[in-house]
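Notes for the one structure printed next.
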Amino acid sequence: MLSRKSRADGGLALLAALALGLYLVFLVLPLLLSLRGSFTNENPLRATNEFVGLRNYREMAGDDQLRASLVFTLTLAVGVTLAANALGVAFALLLNRTRLSYRVMRTLAFLPQVLSGVIVGFVWQTILTQDGLLNNVLMSVGLLDEPYPWLGTPRAALFSIGAVVTWVLSGFTTVVYLAALQSVPIELNDMATMDGVRGTQRFRQVTWPMIAPGTTISVTISLITVLKLYDIIAVLTGGGPANSTQSTALYIVRLAFTSDRLGYASAVAMLLLALSAVLALAVTGALRRREVSL
Amino acid sequence: MLRKTFLAAGLAGLLAVTACSDGGGGDSGGSTLTYLTFETPSLTSTFWDNSIKAAQAEAPGVKINRITAPSTDRDAYAKQLQASGQFPDLLQSITPSNFVGAGLLKPYDEAWVDANFLLPQGNALKGEVYIPPTNSQIIPEVFYNKELFAKAGITGPPKNWAEFLDVCAKLKAAGVTPFTLGGGDPFAASMPLVGVFSADILGKNPNWLRDRYAGKVKFSDPDVVAAVEKYRTLVSGGYFDKGALGVKYADSITQFTGGKAAMYPMGSWFLGSAPKESADNFGAFPWPTDDGSVVIPFVVGGSMAISAKTKDPEGATRFAQAWSLNPANLKLLIEGDGAFPMLKGKTLADYGVTVTKVFEDSFAYVTADNTKVNAIGWATNDDALPPGLNDQFYAASQALFTSGDVKAEMAKLDQAWTTATNGPLTQGRARTPSRGPGPLTRT
């Protein structure tokens, strides 16, 4: 007869195997298949394909649309990561109270994060379009004489997308920084107060170093989220005007299912994966070293 | 197949939503066929369910499982379904040229097509018809607001390019924005470019697309650049709203119908959106040519394609034929989508439709003996663009709104063409001359 501990271990092993199985089937296997596809001329409409070696990877070097999408994606990722984390810290400091009203506001702050990207895109499209809410409000209060094309020029569309994605991510970063703030020992703050360290000085010398692990998590996840961003952009601008807001993820889907170039799309997906991994590792490494030094 | 399924899942996992619904399922036995549809404000879920039930009554024993594309881009969704081994049995209003090269579609019986449609070869590929040519559109027409024209002292629509520019100048001088453009939606942004290209290039050489496939002509050729410069003339003249690229298609309709601009280059489906109570205030004219000759950019659309791999080809064909010939389905398309019916032996009255004067005037361009060309970027027959190039063409329309370097933008299209036609499915594809749209003979 099996002991209770053996049965528990068996149950845990079963759960772990299930999780591992799901991970392998839905993440590792598609990844390996995509890697293999990147060396072929795979087309979604054909049953067979041919091995083309490194041709897809060589083609990327001269692909202007890919280059533009990478520049856009990286610009957005850096800008949004900085802005969302700055907002997250600010909101967390404001909401780090125990009263009911603050708890309600914390929930509200997190709300954008739980909304579907598609819904966010549609809502903000209604707000930012030429005849949208924002222009109507700004014109009614006299701040604008004529509608501003928030989504109608490459630069304005970049900033508009950046603002929307920052708004969405700020919910996540706020929660991370709130958790980090609540892990700061009260005694440390009390001692700082007794030593006459207050306000921004206390934030710089006590709070900021203590929430460094939260910063590492928040910055890394924000960066990865924006690097693979698809849904909000697909709905908000569709990559326009003139492909100027086409993220690399959006470009991959178009290559695969509009241009029928699944093999090349897989190669670009591998590039995006490698880029995301390198950036995430570099940023995580730098922030971890910063944690130690603080 | 498993490998493709996982690969497609990995890439398509980037997509946020898909939609799927059952509708109109019959219960009279036989196999169940999947039917890919899409929904718009005109083509609602109720419309599809009712039309399916009506077709099932004519094709007893056929059960239908309706699936709905998550957006109006049913081609891309059909490709995702194919990549994951779920290619539908029936596919509504797709672009056959995207799928025929892979042998995914089954052609309709030629005798049946010839017997029932005014332009049997209107959307044929190498002489084979994959979608019954039930209706057609003009893409684009230039719709205009008669009151605003009168306000600017303009007595009638322009007959040629010089008069067109004169109309624009008069409108601007009278404080009226000459054009509205739904530039935030790439397809809507493409209308002026389709207009100038059709009038100046296809009007002179209706086989231009086939020549492009054969490498005889290019987008960066001087005549194309000169034609596209005309679009730039309109932009740089300040005849469009400065923020036009931020205007969504739906908003452009309300801008135009609300009197915020005097002209609106758009597909004839706008006729379905023109408010009935003020429809007489709107007129339409073809995109003007230099010499005043009439060139109609024309597209023959239709109903559904049949999968070559369907498990019940006979049932699928019976259902598709019944759906295609049902006047009730076309009634809604005529009234709600401004479609011009193409069923043989029927007049507008046979569909029981109520149409506006501007619809009748537009329809007259379809039935008249004039130069009809396959609208670039919209044709689904032998003049269809290679896969992926439509998006580039639309993007060029947006880019030309802010960039004056027409030659560079056209060179980008040539480069995109080369990339798109290098695939094994498109090499040497569909270069057999088709009969083209030609004039219609109403019977």
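How things are named: the first chain in the structure tokens is A, the next is B, and so on; residues count from 1 in each chain; ligands count from 1 in the order shown.
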Go through region 17-256 of chain A and collect every residue that DSSP, computed from the backbone, puts in alpha helix (DSSP H); the answer should be as a VMD selection string. chain A and resid 17 to 23 29 to 37 55 to 61 64 to 95 100 to 114 117 to 128 133 to 140 154 to 182 186 to 194 199 to 202 208 to 210 212 to 227 231 to 236 248 to 256
Would you list the contacts of region 330-339 of chain B as number ranges by chain, taking every protein, DNA or RNA residue within 10 Å and counting only C-alpha atoms, but skipping same-chain residues closer than 5 positions in sequence? B: 40-43, 47, 134-138, 267-274, 300-303, 323-325, 348, 350-356, 359, 362-363
| request: Write out as an NGL selection string which residues come within 12 Å of Thr254 (chain B) when counting only C-alpha atoms, dropping same-chain ones fewer than 4 positions away. | output: (:A and (130-131)) or (:B and (180-182 or 247-250 or 258-261 or 264 or 270 or 273-275))
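Note that CA of Pro178 (chain B) and CA of Leu165 (chain B) are 10.1 Å apart.
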**Prompt:** Excluding same-chain residues fewer than 5 positions from Gly171 (chain A), what lies within 6 Å of it counting only C-alpha atoms, as a ChimeraX atom specification?
**Reply:** /A:109-110,112-113
Selected residues written out, N, CA and C atoms, as a CSV table (one decimal), in the first residue's frame:
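To be explicit, this is the file written out as out.csv:
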chain,number,residue,atom,x,y,z
A,109,ALA,N,-6.8,51.1,-11.3
A,109,ALA,CA,-5.6,51.3,-12.0
A,109,ALA,C,-5.2,50.0,-12.8
A,110,PHE,N,-5.6,48.9,-12.2
A,110,PHE,CA,-5.2,47.6,-12.9
A,110,PHE,C,-6.2,47.3,-14.0
A,112,PRO,N,-7.0,48.5,-17.0
A,112,PRO,CA,-6.6,48.4,-18.4
A,112,PRO,C,-5.9,47.1,-18.7
A,113,GLN,N,-5.2,46.5,-17.7
A,113,GLN,CA,-4.4,45.3,-17.9
A,113,GLN,C,-5.3,44.1,-18.2
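Going from CA of Thr37 (chain B) over to CA of Ala69 (chain B), you cover 6.2 Å.
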(request) Return the single residue from A:Ala242, A:Val253, A:Leu287, A:Leu271 that is closest to Ile217 (chain A), with distances computed using only C-alpha atoms. (result)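 Checking each of A:Ala242, A:Val253, A:Leu287, A:Leu271 against Ile217 (chain A), counting only C-alpha atoms, the winner is A:Leu287.
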